[in-house]
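Colleague: Next up, data34.pdb (PDB, C-alpha atoms).
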```pdb
ATOM      1  CA  MET A  22     233.307 137.138   6.499
ATOM      2  CA  THR A  23     233.757 133.715   4.916
ATOM      3  CA  ASN A  24     230.580 131.649   4.948
ATOM      4  CA  ALA A  25     230.420 127.858   4.983
ATOM      5  CA  LEU A  26     229.540 127.454   1.311
ATOM      6  CA  SER A  27     232.242 129.837   0.102
ATOM      7  CA  ALA A  28     234.761 128.021   2.285
ATOM      8  CA  PHE A  29     233.672 124.692   0.815
ATOM      9  CA  LEU A  30     234.046 126.048  -2.707
ATOM     10  CA  GLU A  31     237.601 127.125  -1.944
ATOM     11  CA  THR A  32     238.635 123.512  -1.329
ATOM     12  CA  SER A  33     236.264 121.576  -3.625
ATOM     13  CA  ASP A  34     235.809 122.067  -7.332
ATOM     14  CA  ILE A  35     232.509 120.155  -7.369
ATOM     15  CA  ILE A  36     229.665 120.015  -4.845
ATOM     16  CA  LEU A  37     227.024 117.308  -5.029
ATOM     17  CA  ALA A  38     223.684 118.676  -3.887
ATOM     18  CA  ASP A  39     220.633 116.630  -2.914
ATOM     19  CA  GLY A  40     217.710 115.220  -4.873
ATOM     20  CA  ALA A  41     213.959 115.628  -4.730
ATOM     21  CA  THR A  42     212.039 116.678  -1.639
ATOM     22  CA  GLY A  43     208.471 116.030  -2.765
ATOM     23  CA  THR A  44     209.128 112.709  -4.501
ATOM     24  CA  ASN A  45     210.882 111.293  -1.461
ATOM     25  CA  LEU A  46     208.242 112.565   0.964
ATOM     26  CA  PHE A  47     205.412 111.136  -1.144
ATOM     27  CA  ASN A  48     207.164 107.792  -0.866
ATOM     28  CA  MET A  49     207.105 108.279   2.923
ATOM     29  CA  GLY A  50     203.355 108.855   2.957
ATOM     30  CA  LEU A  51     202.828 112.552   2.239
ATOM     31  CA  GLN A  52     199.517 113.037   0.437
ATOM     32  CA  SER A  53     198.972 115.224  -2.591
ATOM     33  CA  GLY A  54     197.796 118.665  -1.488
ATOM     34  CA  ASP A  55     199.363 118.430   1.976
ATOM     35  CA  ALA A  56     201.942 120.997   3.057
ATOM     36  CA  PRO A  57     205.331 119.247   3.397
ATOM     37  CA  GLU A  58     206.475 121.960   5.808
ATOM     38  CA  LEU A  59     203.970 120.789   8.441
ATOM     39  CA  TRP A  60     205.921 117.538   8.667
ATOM     40  CA  ASN A  61     208.814 119.516  10.193
ATOM     41  CA  VAL A  62     206.691 119.503  13.368
ATOM     42  CA  GLU A  63     204.342 116.556  12.830
ATOM     43  CA  ALA A  64     206.859 114.019  11.457
ATOM     44  CA  PRO A  65     210.368 115.277  12.245
ATOM     45  CA  GLU A  66     211.933 111.819  12.035
ATOM     46  CA  LYS A  67     210.770 111.505   8.426
ATOM     47  CA  ILE A  68     212.276 114.871   7.579
ATOM     48  CA  LYS A  69     215.545 113.861   9.207
ATOM     49  CA  ALA A  70     215.409 110.631   7.181
ATOM     50  CA  LEU A  71     214.956 112.731   4.030
ATOM     51  CA  TYR A  72     218.078 114.733   4.847
ATOM     52  CA  GLN A  73     220.008 111.667   5.948
ATOM     53  CA  GLY A  74     219.227 109.882   2.703
ATOM     54  CA  SER A  75     221.070 112.561   0.759
ATOM     55  CA  VAL A  76     224.027 112.580   3.133
ATOM     56  CA  ASP A  77     224.336 108.795   3.029
ATOM     57  CA  ALA A  78     224.232 108.881  -0.779
ATOM     58  CA  GLY A  79     227.198 111.255  -0.863
ATOM     59  CA  SER A  80     225.672 114.721  -1.065
ATOM     60  CA  ASP A  81     227.728 117.635   0.218
ATOM     61  CA  LEU A  82     224.720 119.956   0.450
ATOM     62  CA  PHE A  83     221.025 119.437   1.047
ATOM     63  CA  LEU A  84     218.002 121.712   1.025
ATOM     64  CA  THR A  85     215.661 122.104   3.958
ATOM     65  CA  ASN A  86     212.001 121.087   3.780
ATOM     66  CA  THR A  87     210.859 124.699   3.566
ATOM     67  CA  PHE A  88     210.203 125.283  -0.135
ATOM     68  CA  GLY A  89     206.642 126.497   0.520
ATOM     69  CA  GLY A  90     207.521 128.290   3.724
ATOM     70  CA  THR A  91     206.456 131.832   2.885
ATOM     71  CA  TYR A  92     203.370 133.466   4.383
ATOM     72  CA  ALA A  93     201.621 133.314   0.990
ATOM     73  CA  ARG A  94     202.193 129.581   0.491
ATOM     74  CA  LEU A  95     201.442 128.555   4.082
ATOM     75  CA  LYS A  96     198.231 130.587   4.002
ATOM     76  CA  LEU A  97     196.847 127.952   1.621
ATOM     77  CA  HIS A  98     197.009 125.537   4.576
ATOM     78  CA  ASP A  99     195.890 127.995   7.284
ATOM     79  CA  ALA A 100     199.458 127.993   8.589
ATOM     80  CA  GLN A 101     200.422 131.547   7.683
ATOM     81  CA  ASN A 102     201.083 132.361  11.333
ATOM     82  CA  ARG A 103     203.597 129.525  11.627
ATOM     83  CA  VAL A 104     206.235 130.825   9.198
ATOM     84  CA  ALA A 105     208.883 131.330  11.884
ATOM     85  CA  GLU A 106     208.206 127.996  13.591
ATOM     86  CA  LEU A 107     208.077 125.760  10.516
ATOM     87  CA  ASN A 108     211.124 127.259   8.823
ATOM     88  CA  ARG A 109     213.218 127.374  11.972
ATOM     89  CA  ILE A 110     212.493 123.745  12.812
ATOM     90  CA  GLY A 111     213.093 122.650   9.218
ATOM     91  CA  ALA A 112     216.561 124.179   9.429
ATOM     92  CA  GLU A 113     217.214 122.859  12.939
ATOM     93  CA  LEU A 114     216.507 119.297  11.806
ATOM     94  CA  GLY A 115     218.932 119.807   8.948
ATOM     95  CA  ARG A 116     221.559 121.222  11.251
ATOM     96  CA  GLU A 117     221.246 118.168  13.482
ATOM     97  CA  VAL A 118     221.796 115.776  10.575
ATOM     98  CA  ALA A 119     224.662 117.792   9.094
ATOM     99  CA  ASP A 120     226.516 118.187  12.380
ATOM    100  CA  ALA A 121     226.410 114.439  12.977
ATOM    101  CA  ALA A 122     227.683 113.536   9.498
ATOM    102  CA  GLY A 123     231.374 113.402  10.326
ATOM    103  CA  ARG A 124     232.257 115.525   7.283
ATOM    104  CA  PRO A 125     231.377 119.030   6.115
ATOM    105  CA  ILE A 126     227.763 119.267   4.979
ATOM    106  CA  ILE A 127     226.078 122.482   3.858
ATOM    107  CA  VAL A 128     222.525 123.106   5.081
ATOM    108  CA  ALA A 129     220.755 125.233   2.485
ATOM    109  CA  GLY A 130     217.524 126.912   3.521
ATOM    110  CA  SER A 131     215.084 126.314   0.686
ATOM    111  CA  VAL A 132     212.991 129.313  -0.372
ATOM    112  CA  GLY A 133     210.493 128.747  -3.164
ATOM    113  CA  PRO A 134     208.293 131.215  -5.039
ATOM    114  CA  THR A 135     205.399 132.884  -3.248
ATOM    115  CA  GLY A 136     202.959 131.508  -5.795
ATOM    116  CA  GLU A 137     201.659 135.015  -6.446
ATOM    117  CA  ILE A 138     202.224 137.230  -9.497
ATOM    118  CA  MET A 139     204.093 140.450  -8.821
ATOM    119  CA  GLU A 140     203.200 143.946  -9.964
ATOM    120  CA  PRO A 141     202.602 145.295 -12.539
ATOM    121  CA  VAL A 142     201.131 142.081 -13.979
ATOM    122  CA  GLY A 143     199.779 140.783 -10.658
ATOM    123  CA  ALA A 144     198.844 142.133  -7.248
ATOM    124  CA  LEU A 145     201.934 141.306  -5.159
ATOM    125  CA  SER A 146     203.969 144.432  -4.470
ATOM    126  CA  HIS A 147     207.742 144.466  -4.216
ATOM    127  CA  ALA A 148     207.556 145.575  -0.584
ATOM    128  CA  ASN A 149     205.222 142.729   0.386
ATOM    129  CA  ALA A 150     207.361 140.171  -1.420
ATOM    130  CA  VAL A 151     210.470 141.425   0.379
ATOM    131  CA  GLU A 152     208.622 141.238   3.690
ATOM    132  CA  MET A 153     207.563 137.627   3.114
ATOM    133  CA  PHE A 154     210.999 136.499   1.979
ATOM    134  CA  HIS A 155     212.637 138.335   4.865
ATOM    135  CA  GLU A 156     210.389 136.651   7.428
ATOM    136  CA  GLN A 157     211.291 133.239   6.038
ATOM    137  CA  ALA A 158     214.991 134.077   5.762
ATOM    138  CA  GLU A 159     215.249 135.148   9.397
ATOM    139  CA  ALA A 160     213.624 131.911  10.533
ATOM    140  CA  LEU A 161     215.975 129.776   8.444
ATOM    141  CA  LYS A 162     218.892 131.755   9.817
ATOM    142  CA  ASP A 163     217.663 131.181  13.380
ATOM    143  CA  GLY A 164     217.452 127.457  12.652
ATOM    144  CA  GLY A 165     221.090 127.260  11.613
ATOM    145  CA  ALA A 166     220.996 127.226   7.804
ATOM    146  CA  ASP A 167     224.405 127.928   6.298
ATOM    147  CA  VAL A 168     223.040 129.558   3.169
ATOM    148  CA  LEU A 169     219.660 130.503   1.733
ATOM    149  CA  TRP A 170     218.629 128.742  -1.466
ATOM    150  CA  LEU A 171     216.096 130.470  -3.706
ATOM    151  CA  GLU A 172     214.702 127.996  -6.254
ATOM    152  CA  THR A 173     212.148 127.439  -9.007
ATOM    153  CA  ILE A 174     211.710 131.164  -9.629
ATOM    154  CA  SER A 175     210.304 132.353 -12.961
ATOM    155  CA  ALA A 176     210.037 136.163 -12.605
ATOM    156  CA  PRO A 177     213.007 138.529 -12.339
ATOM    157  CA  GLU A 178     210.976 140.786 -10.032
ATOM    158  CA  GLU A 179     210.609 137.965  -7.507
ATOM    159  CA  PHE A 180     214.316 137.134  -7.783
ATOM    160  CA  ARG A 181     215.180 140.756  -6.986
ATOM    161  CA  ALA A 182     212.767 140.889  -4.041
ATOM    162  CA  ALA A 183     214.298 137.761  -2.519
ATOM    163  CA  ALA A 184     217.810 139.130  -2.962
ATOM    164  CA  GLU A 185     216.818 142.295  -1.099
ATOM    165  CA  ALA A 186     215.242 140.250   1.677
ATOM    166  CA  PHE A 187     218.324 138.080   2.070
ATOM    167  CA  ALA A 188     220.468 141.189   2.391
ATOM    168  CA  LEU A 189     218.209 142.374   5.225
ATOM    169  CA  ALA A 190     218.771 139.009   6.918
ATOM    170  CA  ASN A 191     222.530 139.324   6.301
ATOM    171  CA  MET A 192     222.649 135.829   4.829
ATOM    172  CA  PRO A 193     224.604 134.448   1.862
ATOM    173  CA  TRP A 194     222.433 132.882  -0.797
ATOM    174  CA  CYS A 195     222.194 130.968  -4.040
ATOM    175  CA  GLY A 196     219.445 131.306  -6.617
ATOM    176  CA  THR A 197     217.986 129.195  -9.393
ATOM    177  CA  MET A 198     215.211 129.652 -11.898
ATOM    178  CA  SER A 199     213.206 126.947 -13.649
ATOM    179  CA  PHE A 200     213.546 127.033 -17.433
ATOM    180  CA  ASP A 201     210.584 124.932 -18.452
ATOM    181  CA  THR A 202     208.990 126.773 -21.363
ATOM    182  CA  ALA A 203     211.044 126.241 -24.541
ATOM    183  CA  GLY A 204     214.241 127.115 -22.712
ATOM    184  CA  ARG A 205     212.692 130.055 -20.871
ATOM    185  CA  THR A 206     211.030 130.484 -17.519
ATOM    186  CA  MET A 207     207.266 130.816 -17.376
ATOM    187  CA  MET A 208     207.773 134.607 -17.374
ATOM    188  CA  GLY A 209     210.094 134.537 -20.397
ATOM    189  CA  VAL A 210     213.528 134.743 -18.754
ATOM    190  CA  THR A 211     216.376 133.084 -20.688
ATOM    191  CA  SER A 212     219.657 131.711 -19.364
ATOM    192  CA  ALA A 213     221.397 134.806 -20.707
ATOM    193  CA  ASP A 214     218.876 137.041 -18.941
ATOM    194  CA  LEU A 215     219.529 135.399 -15.562
ATOM    195  CA  ALA A 216     223.311 135.539 -15.982
ATOM    196  CA  GLN A 217     222.997 139.264 -16.600
ATOM    197  CA  LEU A 218     220.418 139.799 -13.838
ATOM    198  CA  VAL A 219     222.586 138.464 -11.035
ATOM    199  CA  GLU A 220     225.309 140.964 -11.887
ATOM    200  CA  THR A 221     222.898 143.879 -11.412
ATOM    201  CA  LEU A 222     221.972 142.921  -7.844
ATOM    202  CA  PRO A 223     223.464 144.860  -4.919
ATOM    203  CA  ASN A 224     223.537 141.541  -3.045
ATOM    204  CA  PRO A 225     224.415 138.954  -5.724
ATOM    205  CA  PRO A 226     224.247 135.229  -5.032
ATOM    206  CA  ILE A 227     227.294 133.068  -4.352
ATOM    207  CA  ALA A 228     226.127 130.772  -7.132
ATOM    208  CA  PHE A 229     223.217 130.733  -9.556
ATOM    209  CA  GLY A 230     221.698 128.434 -12.096
ATOM    210  CA  ALA A 231     218.733 126.266 -12.954
ATOM    211  CA  ASN A 232     216.585 123.668 -11.254
ATOM    212  CA  CYS A 233     213.635 121.491 -12.209
ATOM    213  CA  GLY A 234     212.626 122.244 -15.810
ATOM    214  CA  THR A 235     211.871 119.496 -18.291
ATOM    215  CA  GLY A 236     214.690 116.976 -18.162
ATOM    216  CA  ALA A 237     218.420 116.367 -18.055
ATOM    217  CA  SER A 238     219.141 117.370 -21.653
ATOM    218  CA  ASP A 239     217.309 120.684 -21.417
ATOM    219  CA  ILE A 240     218.959 121.800 -18.196
ATOM    220  CA  LEU A 241     222.413 121.112 -19.623
ATOM    221  CA  ARG A 242     221.604 123.302 -22.609
ATOM    222  CA  THR A 243     220.638 125.990 -20.111
ATOM    223  CA  VAL A 244     223.926 125.539 -18.210
ATOM    224  CA  LEU A 245     225.789 125.988 -21.495
ATOM    225  CA  GLY A 246     223.796 129.189 -21.948
ATOM    226  CA  PHE A 247     224.995 130.480 -18.572
ATOM    227  CA  ALA A 248     228.589 129.573 -19.337
ATOM    228  CA  ALA A 249     228.409 131.334 -22.703
ATOM    229  CA  GLN A 250     227.848 134.615 -20.872
ATOM    230  CA  GLY A 251     231.339 134.378 -19.373
ATOM    231  CA  THR A 252     230.170 134.460 -15.762
ATOM    232  CA  GLU A 253     232.775 133.787 -13.088
ATOM    233  CA  ARG A 254     230.207 132.749 -10.476
ATOM    234  CA  PRO A 255     229.745 129.055  -9.719
ATOM    235  CA  LEU A 256     226.873 127.580 -11.704
ATOM    236  CA  ILE A 257     224.145 125.319 -10.327
ATOM    237  CA  SER A 258     222.491 122.468 -12.207
ATOM    238  CA  LYS A 259     219.711 120.663 -10.366
ATOM    239  CA  GLY A 260     217.783 118.759 -13.005
ATOM    240  CA  ASN A 261     214.847 116.370 -12.893
ATOM    241  CA  ALA A 262     215.402 112.632 -13.102
ATOM    242  CA  GLY A 263     214.100 112.364 -16.626
ATOM    243  CA  ILE A 264     210.631 113.245 -17.873
ATOM    244  CA  PRO A 265     207.478 112.797 -15.757
ATOM    245  CA  LYS A 266     204.992 110.205 -16.995
ATOM    246  CA  TYR A 267     201.760 108.853 -15.563
ATOM    247  CA  VAL A 268     202.128 105.205 -14.594
ATOM    248  CA  ASP A 269     199.280 103.412 -12.807
ATOM    249  CA  GLY A 270     197.774 106.709 -11.681
ATOM    250  CA  HIS A 271     201.034 108.111 -10.303
ATOM    251  CA  ILE A 272     203.700 110.421 -11.686
ATOM    252  CA  HIS A 273     206.894 108.518 -12.443
ATOM    253  CA  TYR A 274     210.171 110.045 -13.645
ATOM    254  CA  ASP A 275     211.845 107.889 -16.264
ATOM    255  CA  GLY A 276     215.449 108.868 -15.548
ATOM    256  CA  THR A 277     217.472 105.903 -14.293
ATOM    257  CA  PRO A 278     220.320 106.211 -11.777
ATOM    258  CA  GLU A 279     222.712 105.455 -14.635
ATOM    259  CA  LEU A 280     221.293 108.300 -16.734
ATOM    260  CA  MET A 281     221.609 110.702 -13.802
ATOM    261  CA  GLY A 282     225.215 109.635 -13.372
ATOM    262  CA  GLN A 283     225.872 110.576 -16.997
ATOM    263  CA  TYR A 284     223.985 113.832 -16.473
ATOM    264  CA  ALA A 285     226.119 114.739 -13.442
ATOM    265  CA  ALA A 286     229.402 114.235 -15.265
ATOM    266  CA  MET A 287     228.165 116.160 -18.301
ATOM    267  CA  ALA A 288     226.840 118.985 -16.091
ATOM    268  CA  ARG A 289     230.318 119.318 -14.593
ATOM    269  CA  ASP A 290     231.893 119.375 -18.037
ATOM    270  CA  ALA A 291     229.302 121.924 -19.213
ATOM    271  CA  GLY A 292     230.463 124.294 -16.481
ATOM    272  CA  ALA A 293     228.360 123.544 -13.389
ATOM    273  CA  THR A 294     230.024 123.506  -9.979
ATOM    274  CA  ILE A 295     227.034 122.598  -7.778
ATOM    275  CA  ILE A 296     225.214 119.613  -9.230
ATOM    276  CA  GLY A 297     222.143 117.863  -7.884
ATOM    277  CA  GLY A 298     218.764 116.498  -8.823
ATOM    278  CA  CYS A 299     215.252 117.829  -8.603
ATOM    279  CA  CYS A 300     211.917 116.054  -9.110
ATOM    280  CA  GLY A 301     212.168 112.271  -9.184
ATOM    281  CA  THR A 302     215.749 112.161  -7.899
ATOM    282  CA  MET A 303     216.156 109.536  -5.187
ATOM    283  CA  PRO A 304     219.171 108.432  -3.120
ATOM    284  CA  ASP A 305     219.928 105.707  -5.682
ATOM    285  CA  HIS A 306     220.277 108.399  -8.322
ATOM    286  CA  LEU A 307     222.530 110.440  -6.057
ATOM    287  CA  ARG A 308     224.846 107.486  -5.451
ATOM    288  CA  LYS A 309     225.405 107.096  -9.196
ATOM    289  CA  MET A 310     225.919 110.845  -9.509
ATOM    290  CA  ARG A 311     228.499 110.791  -6.715
ATOM    291  CA  ALA A 312     230.331 107.902  -8.345
ATOM    292  CA  ALA A 313     230.293 109.582 -11.748
ATOM    293  CA  LEU A 314     231.678 112.835 -10.392
ATOM    294  CA  ASP A 315     234.386 111.038  -8.441
ATOM    295  CA  GLU A 316     235.396 108.481 -11.033
ATOM    296  CA  THR A 317     234.776 110.016 -14.474
ATOM    297  CA  PRO A 318     237.663 112.145 -15.751
ATOM    298  CA  ARG A 319     236.807 115.675 -16.732
ATOM    299  CA  GLY A 320     236.070 116.101 -20.393
ATOM    300  CA  GLU A 321     235.607 118.856 -22.916
ATOM    301  CA  ARG A 322     232.495 120.994 -22.778
ATOM    302  CA  PRO A 323     229.809 118.818 -24.407
ATOM    303  CA  SER A 324     228.111 119.833 -27.618
ATOM    304  CA  LEU A 325     224.348 119.822 -28.000
ATOM    305  CA  THR A 326     224.667 116.746 -30.181
ATOM    306  CA  GLU A 327     226.679 114.927 -27.515
ATOM    307  CA  ILE A 328     224.125 115.859 -24.854
ATOM    308  CA  THR A 329     221.174 114.499 -26.802
ATOM    309  CA  ALA A 330     223.077 111.361 -27.789
ATOM    310  CA  ALA A 331     223.751 110.593 -24.129
ATOM    311  CA  LEU A 332     220.637 111.883 -22.377
ATOM    312  CA  GLY A 333     217.877 112.055 -24.985
ATOM    313  CA  PRO A 334     216.325 114.791 -27.139
ATOM    314  CA  PHE A 335     215.515 118.316 -26.069
ATOM    315  CA  THR A 336     211.860 119.077 -25.463
ATOM    316  CA  SER A 337     212.032 122.265 -27.557
ATOM    317  CA  ALA A 338     213.933 123.328 -30.641
ATOM    318  CA  SER A 339     215.504 126.339 -28.959
ATOM    319  CA  ASP A 340     216.663 127.516 -25.546
ATOM    320  CA  GLY A 341     215.332 130.975 -26.370
ATOM    321  CA  THR A 342     218.716 132.651 -26.790
ATOM    322  CA  GLY A 343     219.676 132.005 -30.429
ATOM    323  CA  ASP A 344     218.632 133.261 -33.821
ATOM    324  CA  ASP A 345     215.948 130.588 -33.955
ATOM    325  CA  ALA A 346     214.211 132.238 -31.008
ATOM    326  CA  ALA A 347     212.623 135.013 -33.064
ATOM    327  CA  PRO A 348     209.202 136.006 -31.666
ATOM    328  CA  GLU A 349     207.309 134.842 -34.729
ATOM    329  CA  ARG A 350     208.855 131.384 -34.472
ATOM    330  CA  ARG A 351     208.020 131.098 -30.790
ATOM    331  CA  THR A 352     204.440 132.085 -31.598
ATOM    332  CA  ARG A 353     204.159 129.357 -34.216
ATOM    333  CA  ARG A 354     205.474 126.760 -31.768
ATOM    334  CA  ARG A 355     202.936 127.814 -29.168
ATOM    335  CA  ARG A 356     200.076 127.431 -31.640
ATOM    336  CA  ARG A 357     201.218 123.924 -32.526
ATOM    337  CA  ALA A 358     201.534 122.870 -28.867
TER     338      ALA A 358
END
```
Any chance you could put this one into structure tokens?
Modeller:
Amino acid sequence: MTNALSAFLETSDIILADGATGTNLFNMGLQSGDAPELWNVEAPEKIKALYQGSVDAGSDLFLTNTFGGTYARLKLHDAQNRVAELNRIGAELGREVADAAGRPIIVAGSVGPTGEIMEPVGALSHANAVEMFHEQAEALKDGGADVLWLETISAPEEFRAAAEAFALANMPWCGTMSFDTAGRTMMGVTSADLAQLVETLPNPPIAFGANCGTGASDILRTVLGFAAQGTERPLISKGNAGIPKYVDGHIHYDGTPELMGQYAAMARDAGATIIGGCCGTMPDHLRKMRAALDETPRGERPSLTEITAALGPFTSASDGTGDDAAPERRTRRRRRA
């Protein structure tokens, strides 16, 4: 059965995804420590405005406001018994915006990490993780999501558990990890590791890649790492709008709309098919990204030197996959940090 995202990919060689959820909601009045998912019920017009902002800026796909929608994450806000309600409504609001857009828009049901560490390092069992992801997946499916979108994952065990859960829900999915520790995830996964992992799954994703991380330059190096593995699956690049900095007591991302436009075009040339923004990415950034993708001719795959010249330096010397990633060198870098 052809799903909406696969059908879109058959006719479009590039998909512009959305930008930040948290940054935009904070600008709408969300307070630090609050659960964004509660706004699906308490402030639905603001959530629809979030989705609409991406659509109006030219996005072809947006994520639902359900990143922290698992039992484990909602339990932090005494909302663990509202998983079905909050996820379903988050997807329904997205469906409403997408169906009124006048052009094909993909509603991607956002699924973030549980926030717990899985066995054998932590206490979360595989079975419990699958159960939590499955509960969320069924609710997003009921709300009308076209595809499930696993994001900001760091552990391969959690990636596998989500994949199993999505198979139980009979839903297509995409998956991204966050490579924010010298080119690796917090749990040590490299771009090469993820490219190999997805091919071992009984229910592999339609597309995979990276989100968040530490800036536009770093995520493009990660995309090049995926492409180097020879994968034939569409790649996702959803990078932050620059580097976060504290300005007047608030976190501000220093990436301009113009820089994100350059990033989008270079992500395409590096091999990404689904390109969006993560933290700090606003509709103004997305408009420049849309224009860059539409108006900038395709180029050769960029070199690391070309990436840093255009977007700024990498935050680490290595992406964890080359000869310079020997364990003793990584240890020395950690001691200096």
Colleague: Considering all atoms listed in the file, can you say which of A:Asn48, A:Thr211, A:Thr197, A:Gln157 comes closest to Asn102 in chain A?
Modeller: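 Checking each of A:Asn48, A:Thr211, A:Thr197, A:Gln157 against Asn102 in chain A, counting all atoms listed in the file, the winner is A:Gln157.
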Colleague: Determine the residue membership of the PyMOL selection byres ((chain A and resi 155) around 10) for the file above and supply it as number ranges by chain.
Modeller: A: 91, 149-154, 156-161, 182-190
Colleague: Could you tell me which of A:Gly333, A:Gly298, A:Gly123, A:Pro223 comes closest to Leu84 in chain A if we count all atoms listed in the file?
Modeller: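 Looking at the shortest contact to Leu84 in chain A, the residue is A:Gly298.
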Colleague: Once the PyMOL selection byres ((chain A and resi 302-304) around 9) is applied to the coordinates I shared, what remains selected? I want it as a PDB file with C-alpha atoms, in the frame of the given file.
Modeller:
```
ATOM      1  CA  ASP A  39     220.633 116.630  -2.914  1.00  0.00           C
ATOM      2  CA  GLY A  40     217.710 115.220  -4.873  1.00  0.00           C
ATOM      3  CA  ALA A  41     213.959 115.628  -4.730  1.00  0.00           C
ATOM      4  CA  THR A  42     212.039 116.678  -1.639  1.00  0.00           C
ATOM      5  CA  THR A  44     209.128 112.709  -4.501  1.00  0.00           C
ATOM      6  CA  ASN A  45     210.882 111.293  -1.461  1.00  0.00           C
ATOM      7  CA  GLY A  74     219.227 109.882   2.703  1.00  0.00           C
ATOM      8  CA  SER A  75     221.070 112.561   0.759  1.00  0.00           C
ATOM      9  CA  VAL A  76     224.027 112.580   3.133  1.00  0.00           C
ATOM     10  CA  ASP A  77     224.336 108.795   3.029  1.00  0.00           C
ATOM     11  CA  ALA A  78     224.232 108.881  -0.779  1.00  0.00           C
ATOM     12  CA  GLY A  79     227.198 111.255  -0.863  1.00  0.00           C
ATOM     13  CA  GLY A 260     217.783 118.759 -13.005  1.00  0.00           C
ATOM     14  CA  ASN A 261     214.847 116.370 -12.893  1.00  0.00           C
ATOM     15  CA  ALA A 262     215.402 112.632 -13.102  1.00  0.00           C
ATOM     16  CA  GLY A 263     214.100 112.364 -16.626  1.00  0.00           C
ATOM     17  CA  TYR A 274     210.171 110.045 -13.645  1.00  0.00           C
ATOM     18  CA  GLY A 276     215.449 108.868 -15.548  1.00  0.00           C
ATOM     19  CA  PRO A 278     220.320 106.211 -11.777  1.00  0.00           C
ATOM     20  CA  MET A 281     221.609 110.702 -13.802  1.00  0.00           C
ATOM     21  CA  GLY A 297     222.143 117.863  -7.884  1.00  0.00           C
ATOM     22  CA  GLY A 298     218.764 116.498  -8.823  1.00  0.00           C
ATOM     23  CA  CYS A 299     215.252 117.829  -8.603  1.00  0.00           C
ATOM     24  CA  CYS A 300     211.917 116.054  -9.110  1.00  0.00           C
ATOM     25  CA  GLY A 301     212.168 112.271  -9.184  1.00  0.00           C
ATOM     26  CA  ASP A 305     219.928 105.707  -5.682  1.00  0.00           C
ATOM     27  CA  HIS A 306     220.277 108.399  -8.322  1.00  0.00           C
ATOM     28  CA  LEU A 307     222.530 110.440  -6.057  1.00  0.00           C
ATOM     29  CA  ARG A 308     224.846 107.486  -5.451  1.00  0.00           C
ATOM     30  CA  LYS A 309     225.405 107.096  -9.196  1.00  0.00           C
TER      31      LYS A 309
END
```
Colleague: Can you work out the spacing between CA of Ala249 in chain A and CA of Ser324 in chain A in Å, to one decimal?
Modeller: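 Here the two named atoms are 12.5 Å from each other.
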